[in-house]
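Dropping entry_16.tsv in here (TSV, C-alpha atoms and all ligand atoms):
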```
chain	number	residue	atom	x	y	z
U	130	MET	CA	12.08	-9.08	19.38
U	131	LYS	CA	12.72	-8.43	15.72
U	132	THR	CA	15.84	-10.52	15.52
U	133	ASN	CA	16.85	-12.76	12.71
U	134	ARG	CA	13.53	-13.26	11.09
U	135	LEU	CA	11.49	-11.00	9.00
U	136	PHE	CA	8.23	-10.38	10.59
U	137	VAL	CA	5.69	-11.48	8.11
U	138	ALA	CA	2.36	-9.98	8.88
U	139	ALA	CA	3.51	-6.63	7.82
U	140	VAL	CA	1.29	-5.32	5.19
U	141	ALA	CA	-1.53	-3.07	5.92
U	142	LEU	CA	-3.45	-1.05	3.50
U	143	ILE	CA	-2.26	-2.53	0.30
U	144	PHE	CA	-4.75	-1.58	-2.31
U	145	ALA	CA	-3.97	-3.81	-5.16
U	146	PHE	CA	-7.10	-2.56	-6.81
U	147	THR	CA	-9.79	-5.09	-7.48
U	148	LEU	CA	-7.80	-8.15	-8.22
U	149	GLY	CA	-10.99	-10.10	-7.99
U	150	CYS	CA	-11.86	-12.68	-5.42
U	151	LYS	CA	-9.27	-15.28	-6.16
U	152	LYS	CA	-6.24	-15.07	-3.99
U	153	GLU	CA	-2.97	-15.96	-5.59
U	154	SER	CA	-0.31	-16.27	-3.01
U	155	SER	CA	2.33	-15.05	-5.37
U	156	ASN	CA	0.26	-12.38	-6.94
U	157	ILE	CA	2.39	-9.33	-7.28
U	158	ASN	CA	0.66	-7.92	-10.21
U	159	PRO	CA	-2.14	-5.56	-9.40
U	160	GLY	CA	-2.65	-4.76	-13.02
U	161	ASP	CA	-4.73	-7.68	-14.07
U	162	ALA	CA	-7.95	-6.02	-13.12
U	163	ALA	CA	-7.01	-2.88	-14.93
U	164	HIS	CA	-6.25	-5.04	-17.87
U	165	SER	CA	-9.63	-6.64	-17.95
U	166	LYS	CA	-11.43	-3.39	-17.39
U	167	ALA	CA	-9.63	-1.24	-19.85
U	168	SER	CA	-8.35	-3.54	-22.52
U	169	THR	CA	-11.33	-3.11	-24.72
U	170	ARG	CA	-10.83	0.60	-25.04
U	171	SER	CA	-9.50	2.02	-28.22
U	172	SER	CA	-5.81	2.48	-28.69
U	173	THR	CA	-4.08	5.79	-28.73
U	174	THR	CA	-2.10	6.88	-31.71
U	175	LEU	CA	1.56	7.56	-31.14
U	176	ASP	CA	3.85	9.14	-33.64
U	177	PRO	CA	5.45	6.49	-35.85
U	178	VAL	CA	8.98	6.96	-34.51
U	179	THR	CA	7.94	6.39	-30.90
U	180	GLN	CA	5.74	3.54	-31.97
U	181	ARG	CA	8.66	1.85	-33.70
U	182	LYS	CA	10.96	2.45	-30.75
U	183	LEU	CA	8.57	0.88	-28.27
U	184	ALA	CA	7.76	-1.97	-30.59
U	185	ALA	CA	11.47	-2.67	-31.00
U	186	LEU	CA	11.99	-2.73	-27.25
U	187	TYR	CA	8.96	-4.92	-26.78
U	188	ALA	CA	10.21	-7.30	-29.45
U	189	LYS	CA	13.25	-8.05	-27.34
U	190	ILE	CA	11.08	-9.68	-24.71
U	191	PRO	CA	10.89	-13.44	-25.16
U	192	VAL	CA	7.75	-14.56	-26.93
U	193	ASP	CA	6.79	-16.74	-24.01
U	194	ALA	CA	6.62	-13.79	-21.69
U	195	ARG	CA	4.56	-11.75	-24.08
U	196	ARG	CA	2.04	-14.50	-24.45
U	197	LYS	CA	1.70	-14.71	-20.70
U	198	VAL	CA	1.04	-11.03	-20.41
U	199	GLY	CA	-1.99	-11.31	-22.65
U	200	GLY	CA	-3.51	-14.02	-20.52
U	201	LYS	CA	-4.14	-14.44	-16.86
U	202	SER	CA	-0.57	-15.07	-16.06
U	203	LYS	CA	1.85	-12.77	-14.36
U	204	VAL	CA	4.56	-10.73	-15.96
U	205	LYS	CA	7.73	-12.37	-17.12
U	206	LEU	CA	9.72	-10.64	-14.47
U	207	GLU	CA	9.90	-12.68	-11.37
U	208	LEU	CA	11.19	-11.71	-8.01
U	209	HIS	CA	14.74	-12.53	-7.10
U	210	PRO	CA	14.54	-16.15	-5.89
U	211	GLU	CA	16.68	-15.45	-2.87
U	212	TYR	CA	14.46	-12.62	-1.68
U	213	ARG	CA	11.18	-13.70	-3.14
U	214	ASP	CA	9.72	-15.01	0.10
U	215	ILE	CA	10.85	-12.02	2.08
U	216	ILE	CA	9.34	-9.59	-0.35
U	217	LEU	CA	6.09	-11.41	-0.83
U	218	LYS	CA	5.53	-11.96	2.84
U	219	THR	CA	6.27	-8.37	3.58
U	220	LEU	CA	4.23	-7.08	0.73
U	221	LYS	CA	1.27	-9.32	0.79
U	222	LEU	CA	-0.76	-7.53	-1.79
U	223	GLU	CA	-4.38	-7.77	-1.04
U	224	GLU	CA	-7.45	-7.52	-3.09
U	225	SER	CA	-10.68	-5.87	-2.33
U	226	SER	CA	-13.73	-7.35	-3.83
U	227	CYS	CA	-17.11	-6.33	-2.54
U	228	ASN	CA	-16.34	-2.67	-2.23
U	229	ASP	CA	-15.64	-1.92	-5.86
U	230	ASN	CA	-18.29	0.71	-5.65
U	231	THR	CA	-16.69	2.86	-3.03
U	232	ALA	CA	-15.90	6.35	-4.12
U	233	SER	CA	-12.16	5.83	-4.08
U	234	SER	CA	-12.18	2.67	-6.20
U	235	GLN	CA	-14.57	4.30	-8.65
U	236	TRP	CA	-12.29	7.27	-8.79
U	237	LEU	CA	-9.33	5.06	-9.59
U	238	ASP	CA	-11.34	3.34	-12.28
U	239	GLN	CA	-12.01	6.72	-13.86
U	240	GLN	CA	-8.32	7.53	-13.75
U	241	LEU	CA	-7.65	4.35	-15.70
U	242	ALA	CA	-10.20	5.10	-18.39
U	243	ASP	CA	-7.62	6.25	-20.92
U	244	TRP	CA	-5.26	3.29	-20.50
U	245	ASN	CA	-5.60	1.32	-23.68
U	246	SER	CA	-4.55	-2.28	-24.15
U	247	THR	CA	-1.14	-1.32	-25.52
U	248	ILE	CA	-0.30	0.72	-22.45
U	249	ILE	CA	-1.51	-2.02	-20.16
U	250	ASN	CA	0.53	-4.56	-22.04
U	251	TYR	CA	3.68	-2.49	-21.64
U	252	VAL	CA	2.96	-1.72	-18.00
U	253	LEU	CA	2.48	-5.38	-17.16
U	254	THR	CA	5.43	-6.54	-19.19
U	255	THR	CA	7.80	-4.30	-17.30
U	256	ALA	CA	6.21	-4.84	-13.85
U	257	MET	CA	5.83	-1.09	-13.62
U	258	LEU	CA	2.99	-1.32	-11.14
U	259	ASP	CA	5.28	-2.97	-8.64
U	260	LEU	CA	8.40	-0.89	-9.08
U	261	PRO	CA	7.45	2.09	-6.87
U	262	THR	CA	6.37	-0.29	-4.11
U	263	TYR	CA	9.56	-2.34	-4.23
U	264	ASP	CA	11.74	0.72	-4.48
U	265	ALA	CA	10.12	2.21	-1.37
U	266	LEU	CA	10.21	-1.13	0.41
U	267	LEU	CA	13.91	-1.64	-0.14
U	268	PHE	CA	15.48	1.76	-0.64
U	269	GLU	CA	13.45	4.42	1.15
U	270	ASN	CA	15.22	4.07	4.45
U	271	SER	CA	15.19	7.51	5.96
U	272	SER	CA	12.57	9.98	7.16
U	273	ALA	CA	14.83	12.93	6.42
U	274	ASN	CA	13.78	15.50	3.84
U	275	GLN	CA	10.89	13.48	2.53
U	276	LYS	CA	7.96	14.96	0.70
U	277	PHE	CA	4.54	13.31	0.63
U	278	GLY	CA	2.21	13.74	-2.31
U	279	ALA	CA	3.39	14.75	-5.76
U	280	GLU	CA	3.42	18.39	-4.74
U	281	GLY	CA	4.31	17.80	-1.13
U	282	GLN	CA	0.71	18.54	-0.20
U	283	TYR	CA	0.59	15.88	2.53
U	284	THR	CA	4.02	16.49	4.01
U	285	GLN	CA	3.12	18.76	6.85
U	286	ARG	CA	0.13	16.80	8.02
U	287	LEU	CA	1.87	13.45	7.93
U	288	THR	CA	5.05	14.68	9.57
U	289	LYS	CA	3.07	16.20	12.41
U	290	ALA	CA	0.80	13.20	12.86
U	291	PHE	CA	3.81	10.89	12.87
U	292	LYS	CA	5.49	12.90	15.58
U	293	ASP	CA	2.25	12.88	17.58
U	294	LEU	CA	1.77	9.14	17.19
U	295	LYS	CA	5.24	8.44	18.52
U	296	ARG	CA	4.50	10.58	21.54
U	297	PHE	CA	0.99	9.18	22.04
U	298	TRP	CA	1.74	5.46	22.09
U	299	ASN	CA	4.13	3.98	24.67
U	300	ILE	CA	6.10	1.83	22.26
U	301	GLN	CA	9.65	1.87	20.92
U	302	ALA	CA	9.06	4.06	17.92
U	303	GLU	CA	12.13	6.24	17.52
U	304	ASN	CA	13.62	4.04	14.80
U	305	ILE	CA	10.54	3.84	12.60
U	306	VAL	CA	11.08	5.49	9.23
U	307	LEU	CA	8.23	7.36	7.58
U	308	ALA	CA	8.77	7.55	3.84
U	309	PRO	CA	6.76	8.18	0.69
U	310	MET	CA	6.11	6.19	-2.44
U	311	HIS	CA	6.16	8.28	-5.59
U	312	GLY	CA	5.27	6.95	-9.01
U	313	THR	CA	7.80	9.37	-10.44
U	314	MET	CA	10.56	6.90	-9.60
U	315	LEU	CA	9.53	5.48	-12.98
U	316	THR	CA	11.32	8.41	-14.60
U	317	ASP	CA	14.49	7.95	-12.55
U	318	ARG	CA	16.93	5.65	-14.29
U	319	ALA	CA	19.08	5.03	-11.23
U	320	LYS	CA	16.07	4.03	-9.14
U	321	LEU	CA	14.74	1.78	-11.87
U	322	LEU	CA	18.09	0.04	-12.15
U	323	ARG	CA	18.48	-0.57	-8.44
U	324	THR	CA	14.95	-1.88	-8.10
U	325	TYR	CA	15.17	-4.23	-11.06
U	326	LYS	CA	18.46	-5.56	-9.73
U	327	ALA	CA	17.51	-5.90	-6.07
U	328	ALA	CA	13.89	-7.00	-6.29
U	329	PHE	CA	13.97	-8.97	-9.52
U	330	GLY	CA	17.61	-10.07	-9.44
U	331	LEU	CA	18.30	-8.83	-12.96
U	332	ASP	CA	21.85	-8.62	-14.22
U	333	ASP	CA	23.24	-5.33	-15.52
U	334	PRO	CA	22.30	-5.71	-19.20
U	335	SER	CA	18.74	-6.82	-18.39
U	336	ALA	CA	18.25	-4.10	-15.81
U	337	ASN	CA	19.50	-1.52	-18.29
U	338	TYR	CA	17.18	-2.82	-20.94
U	339	TYR	CA	14.10	-2.74	-18.72
U	340	ALA	CA	14.97	0.66	-17.29
U	341	ASP	CA	15.25	2.10	-20.78
U	342	PHE	CA	12.00	0.48	-21.78
U	343	VAL	CA	10.17	1.99	-18.80
U	344	LEU	CA	11.64	5.42	-19.45
U	345	ALA	CA	10.51	5.19	-23.07
U	346	ILE	CA	6.99	4.09	-22.12
U	347	VAL	CA	6.49	6.87	-19.59
U	348	ASP	CA	7.86	9.36	-22.07
U	349	ALA	CA	5.59	8.14	-24.86
U	350	TYR	CA	2.29	8.02	-23.00
U	351	PRO	CA	0.90	11.14	-21.32
U	352	GLN	CA	-1.75	8.86	-19.82
U	353	LEU	CA	0.90	7.73	-17.35
U	354	ARG	CA	1.32	11.32	-16.16
U	355	GLY	CA	5.05	11.13	-15.89
U	356	GLY	CA	4.64	8.36	-13.34
U	357	ASN	CA	2.25	10.41	-11.25
U	358	HIS	CA	-0.71	8.26	-12.16
U	359	PRO	CA	-2.27	7.06	-8.88
U	360	MET	CA	-2.23	3.45	-10.05
U	361	PHE	CA	1.51	3.35	-9.45
U	362	SER	CA	1.33	4.36	-5.81
U	363	PHE	CA	-2.09	3.16	-4.66
U	364	ASN	CA	-0.55	1.69	-1.61
U	365	ALA	CA	0.44	2.17	2.01
U	366	PHE	CA	2.08	-0.32	4.32
U	367	ALA	CA	3.96	-0.92	7.54
U	368	GLN	CA	6.98	-3.13	7.67
U	369	SER	CA	9.20	-4.47	10.38
U	370	THR	CA	12.97	-4.41	10.04
U	371	PHE	CA	14.73	-7.19	8.16
U	372	SER	CA	18.11	-8.07	6.81
U	373	PHE	CA	18.50	-7.72	3.07
U	374	PRO	CA	22.00	-8.73	2.02
U	375	PRO	CA	24.01	-7.39	0.38
U	376	TYR	CA	22.06	-4.14	0.74
U	377	GLY	CA	22.04	-4.12	4.51
U	378	VAL	CA	19.34	-3.89	7.13
U	379	ILE	CA	16.01	-2.45	6.07
U	380	PRO	CA	14.61	-0.46	9.00
U	381	ASP	CA	11.15	-0.46	10.53
U	382	LYS	CA	9.10	1.72	8.26
U	383	ILE	CA	5.79	3.09	7.13
U	384	ILE	CA	5.39	3.82	3.44
U	385	MET	CA	2.66	6.19	2.27
U	386	GLY	CA	1.83	6.15	-1.44
U	387	ASP	CA	0.75	9.31	-3.21
U	388	GLY	CA	-1.99	7.55	-5.14
U	389	ILE	CA	-3.94	6.22	-2.21
U	390	MET	CA	-3.95	9.60	-0.51
U	391	ASP	CA	-4.96	11.31	-3.75
U	392	ALA	CA	-7.90	8.94	-4.10
U	393	PHE	CA	-9.26	9.83	-0.69
U	394	ALA	CA	-8.52	13.51	-1.22
U	395	ALA	CA	-10.43	13.47	-4.50
U	396	THR	CA	-13.45	11.82	-2.92
U	397	GLY	CA	-13.97	14.15	0.00
U	398	TYR	CA	-11.63	12.83	2.66
U	399	ALA	CA	-8.66	15.13	2.16
U	400	ASP	CA	-9.07	16.44	5.65
U	401	VAL	CA	-8.59	13.18	7.49
U	402	ALA	CA	-7.43	10.36	5.22
U	403	PRO	CA	-3.64	10.83	5.37
U	404	GLN	CA	-3.64	10.92	9.17
U	405	ALA	CA	-6.14	8.07	9.42
U	406	ILE	CA	-4.15	5.81	7.13
U	407	LEU	CA	-0.91	6.70	8.88
U	408	ALA	CA	-2.45	6.04	12.30
U	409	HIS	CA	-3.60	2.61	11.07
U	410	GLU	CA	-0.12	1.77	9.79
U	411	PHE	CA	1.37	2.97	13.04
U	412	GLY	CA	-1.02	0.54	14.72
U	413	HIS	CA	0.81	-2.29	12.98
U	414	HIS	CA	4.03	-1.08	14.56
U	415	ILE	CA	2.34	-1.27	17.94
U	416	GLN	CA	1.58	-4.87	17.05
U	417	PHE	CA	5.17	-5.51	16.03
U	418	ASP	CA	6.41	-3.95	19.23
U	419	LEU	CA	4.06	-5.89	21.47
U	420	ASN	CA	4.49	-9.04	19.44
U	421	LEU	CA	0.77	-9.36	18.84
U	422	PHE	CA	0.80	-11.17	15.54
U	423	GLY	CA	1.43	-14.57	17.06
U	424	ASN	CA	1.70	-17.67	14.95
U	425	ALA	CA	-1.83	-17.73	13.66
U	426	SER	CA	-2.37	-17.13	10.00
U	427	GLY	CA	-5.30	-17.03	7.65
U	428	PRO	CA	-8.25	-14.70	7.24
U	429	GLU	CA	-9.29	-14.60	10.89
U	430	ALA	CA	-5.82	-13.68	12.07
U	431	THR	CA	-5.54	-10.93	9.49
U	432	ARG	CA	-8.98	-9.64	10.32
U	433	ARG	CA	-8.06	-9.44	13.99
U	434	THR	CA	-4.87	-7.48	13.42
U	435	GLU	CA	-6.50	-5.22	10.86
U	436	LEU	CA	-9.49	-4.38	13.01
U	437	MET	CA	-7.11	-3.81	15.91
U	438	ALA	CA	-5.10	-1.37	13.82
U	439	ASP	CA	-8.32	0.45	12.95
U	440	ALA	CA	-9.18	0.70	16.62
U	441	TYR	CA	-5.72	2.03	17.55
U	442	ALA	CA	-6.06	4.59	14.80
U	443	ALA	CA	-9.51	5.73	15.87
U	444	TYR	CA	-8.43	6.01	19.48
U	445	TYR	CA	-5.48	8.22	18.58
U	446	LEU	CA	-7.44	10.32	16.07
U	447	SER	CA	-10.24	11.16	18.47
U	448	HIS	CA	-8.35	11.36	21.76
U	449	ALA	CA	-8.03	14.82	23.32
U	450	ARG	CA	-4.28	14.33	23.54
U	451	GLY	CA	-4.05	12.69	20.13
U	452	ALA	CA	-5.33	14.30	16.93
U	453	SER	CA	-8.35	15.49	18.91
U	454	MET	CA	-10.78	15.31	16.03
U	455	GLN	CA	-14.31	16.47	16.57
U	456	TRP	CA	-17.37	14.42	15.71
U	457	LYS	CA	-17.72	15.71	12.19
U	458	ARG	CA	-14.17	14.79	11.28
U	459	VAL	CA	-14.43	11.56	13.22
U	460	GLN	CA	-17.32	10.56	11.01
U	461	LEU	CA	-15.15	11.28	8.02
U	462	PHE	CA	-12.37	9.03	9.21
U	463	LEU	CA	-14.85	6.33	10.11
U	464	ASN	CA	-15.86	6.54	6.49
U	465	VAL	CA	-12.28	6.16	5.39
U	466	PHE	CA	-12.14	2.88	7.27
U	467	PHE	CA	-15.52	1.90	5.92
U	468	ASN	CA	-14.24	2.53	2.43
U	469	ILE	CA	-11.29	0.23	2.71
U	470	GLY	CA	-12.98	-2.81	4.17
U	471	ASP	CA	-13.06	-5.84	1.98
U	472	CYS	CA	-15.30	-8.83	1.67
U	473	SER	CA	-12.96	-11.54	0.53
U	474	PHE	CA	-13.57	-13.65	3.59
U	475	THR	CA	-11.46	-16.56	2.51
U	476	SER	CA	-8.46	-14.50	1.56
U	477	ASP	CA	-5.43	-14.35	3.80
U	478	GLY	CA	-5.51	-10.66	3.24
U	479	HIS	CA	-8.99	-10.24	4.61
U	480	HIS	CA	-9.19	-6.94	6.46
U	481	GLY	CA	-12.68	-7.26	7.83
U	482	THR	CA	-15.86	-6.19	6.12
U	483	PRO	CA	-16.59	-2.49	5.84
U	484	THR	CA	-19.14	-2.85	8.63
U	485	GLN	CA	-16.67	-4.57	10.94
U	486	ARG	CA	-14.01	-1.98	10.22
U	487	MET	CA	-16.43	0.81	10.91
U	488	ALA	CA	-17.42	-0.89	14.17
U	489	ALA	CA	-13.79	-1.28	15.25
U	490	ALA	CA	-13.07	2.36	14.52
U	491	ARG	CA	-16.27	3.46	16.20
U	492	TRP	CA	-15.33	1.44	19.27
U	493	GLY	CA	-11.88	3.06	19.40
U	494	TYR	CA	-13.55	6.45	19.18
U	495	ASP	CA	-15.90	5.57	22.04
U	496	VAL	CA	-13.06	4.44	24.27
U	497	ALA	CA	-11.46	7.86	23.88
U	498	ASN	CA	-14.65	9.83	24.07
U	499	LYS	CA	-16.34	8.07	26.98
U	500	ALA	CA	-13.29	7.93	29.20
U	501	GLN	CA	-13.74	9.35	32.68
U	502	LYS	CA	-10.36	10.99	32.60
U	503	GLN	CA	-10.15	12.69	29.23
U	504	GLY	CA	-6.50	13.55	29.55
U	505	HIS	CA	-5.43	10.01	30.30
U	506	ILE	CA	-3.91	7.92	27.53
U	507	LEU	CA	-4.27	4.18	27.85
U	508	THR	CA	-1.09	2.21	27.39
U	509	ALA	CA	-0.88	0.19	24.19
U	510	GLN	CA	-1.04	-2.95	26.35
U	511	GLU	CA	-4.21	-1.87	28.13
U	512	PHE	CA	-5.91	-0.67	24.98
U	513	THR	CA	-5.07	-3.96	23.32
U	514	ARG	CA	-6.49	-5.92	26.24
U	515	GLN	CA	-9.77	-4.04	25.95
U	516	PHE	CA	-9.82	-4.54	22.21
U	517	GLU	CA	-9.31	-8.30	22.47
U	518	ALA	CA	-12.26	-8.48	24.86
U	519	GLN	CA	-14.39	-6.51	22.42
U	520	LEU	CA	-13.37	-8.33	19.27
U	521	PRO	CA	-16.12	-10.98	19.22
U	522	LYS	CA	-18.75	-8.24	19.31
U	523	LEU	CA	-17.05	-6.27	16.56
U	524	ILE	CA	-16.96	-9.28	14.30
U	525	ASN	CA	-20.57	-10.04	15.00
U	526	GLN	CA	-21.74	-6.94	13.16
J	601	ZN	ZN	-3.51	-2.82	8.08
```
Before we go any further, please render this structure as structure tokens.
Amino acid sequence: MKTNRLFVAAVALIFAFTLGCKKESSNINPGDAAHSKASTRSSTTLDPVTQRKLAALYAKIPVDARRKVGGKSKVKLELHPEYRDIILKTLKLEESSCNDNTASSQWLDQQLADWNSTIINYVLTTAMLDLPTYDALLFENSSANQKFGAEGQYTQRLTKAFKDLKRFWNIQAENIVLAPMHGTMLTDRAKLLRTYKAAFGLDDPSANYYADFVLAIVDAYPQLRGGNHPMFSFNAFAQSTFSFPPYGVIPDKIIMGDGIMDAFAATGYADVAPQAILAHEFGHHIQFDLNLFGNASGPEATRRTELMADAYAAYYLSHARGASMQWKRVQLFLNVFFNIGDCSFTSDGHHGTPTQRMAAARWGYDVANKAQKQGHILTAQEFTRQFEAQLPKLINQ
């Protein structure tokens, strides 16, 4: 199955935070929106020594790159040409557009309120928003001894749900890695170096320079919360194994970012969001395993696989032999799915509208709840068959 080719339709809940409606196929920079929203805010005063230090580091960046940062363009740093396609296909960052007003996106906006234009400039120049994602994508390759959430507050729930999911679904799941994404990698010089080298193809001197710059920025600005700002880890995704020479084989994995879970926790979904998001990501591994992505691409194909993942998740979460959630909690997780729907219909990353996502999740719940034999778990194949038959109705919401 997953032989010599990277499976491309890997990304799931990538919350690149309101990139706007225009899809850029190479867009790896979720900071543009933050830039436009926060750049008018007043700057923060640093002590003169730090100010000079950062300015000196910044001055080393070629003028061309700095000019780009101020405009619409992307950061100077570009992905390693050899791996660029692999990384972008695997991490197809997606925008949301019509649901800017959901509680979680509003919450994130509030968290960004004290990022002034100088901070944003530095963050974009160093590609800091992408570093935790790429580090997790390439180097978090084991489930062992992982902690989820900055304080480990999601560890127990996710570890248990992951174990349950592997038991619940009849797919080959023993090799899937469950690993976190922590923004605090931005304070870890070794991790910064390896990520700059592997993902961006930087040589030693450049990687050292950028790593030092990032360490200095995080140190200078308390607004970045020592890397724990949710903007750096507002992300969760599933990925199928691929070869990444010379680093080796990257395993099947699910990455859960602290920031995305914090956003749902802060807006009333602490009880269900981590499990719901994980169950959705696990749904993508069902799709990998059953080879359900096919050759189709474009918004409709993405919508199908996303709504299917929602339905798998809802089925597991509500099933008596799954997470066995009662109606009150089920409504909460339905709201989680409702919250993350998007309306960018023409985007390749289209996940389905909030209404369609809610309908898919609701349908998955009904399949579990209305079953004659409550203890019976449908095979992934059978559940998928039923879903495909239902899909036209779900879309027609
Ligand atoms: Zn997904």
How many Å lie between atom CA of U:Asn420 and atom CA of U:Arg296, rounded to one decimal?
->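 Distance reported for this atom pair: 19.7 Å.
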Exercise: U:Val347 partners within 12 Å, all atoms listed in the file, chain neighbours under 4 positions left out, as an MDAnalysis selection string | chainID U and resid 179 183 248:249 251:252 255 257 312:318 340:343 351:358 361
Determine the nearest neighbour of U:Val378 from the options U:Glu429, U:Glu269, U:Gln240, U:Ala308, counting all atoms listed in the file.
->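 The closest residue to U:Val378 is U:Glu269.
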Counting all atoms listed in the file, which of U:Pro521, U:Gly481, U:Pro403, U:Gly493 gets nearest to ligand ZN 601 (chain J)?
->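 Smallest distance to ligand ZN 601 (chain J) is found for U:Gly481.
Close contacts of stretch 292-295 of chain U, defined as residues with an atom at most 9 Å away when counting all atoms listed in the file, with chain neighbours fewer than 4 positions off set aside, comprise Leu287, Thr288, Asn299, Ile300, Gln301, Ala302, Glu303, Ala408, Phe411, Tyr445, Arg450, Gly451 and Ala452 of chain U.
The nearest approach to ligand ZN 601 (chain J) among the residues U:Arg323, U:His311, U:Arg181, U:Arg486, with only C-alpha atoms and all ligand atoms taken into account, belongs to U:Arg486.
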Centre, edges in Å (one decimal): axis-aligned box, stretch 260-279 of chain U, 6 Å padding on all six sides, as AutoDock Vina command-line options:
```
--center_x 8.8 --center_y 6.6 --center_z -1.0 --size_x 25.3 --size_y 29.8 --size_z 28.2
```
If you count only C-alpha atoms, which residues fall within 7 Å of stretch 432-439 of chain U, apart from same-chain ones fewer than 4 positions away, as a list in words?
-> His409, Gly412, His413, Pro428, Ala443, His479, His480, Gly481, Arg486, Ala489, Ala490 and Phe516 of chain U
May I ask for the distance between atom CA of U:Leu446 and atom CA of U:Lys382, given in Å to one decimal place?
->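 The value is 20.2 Å.
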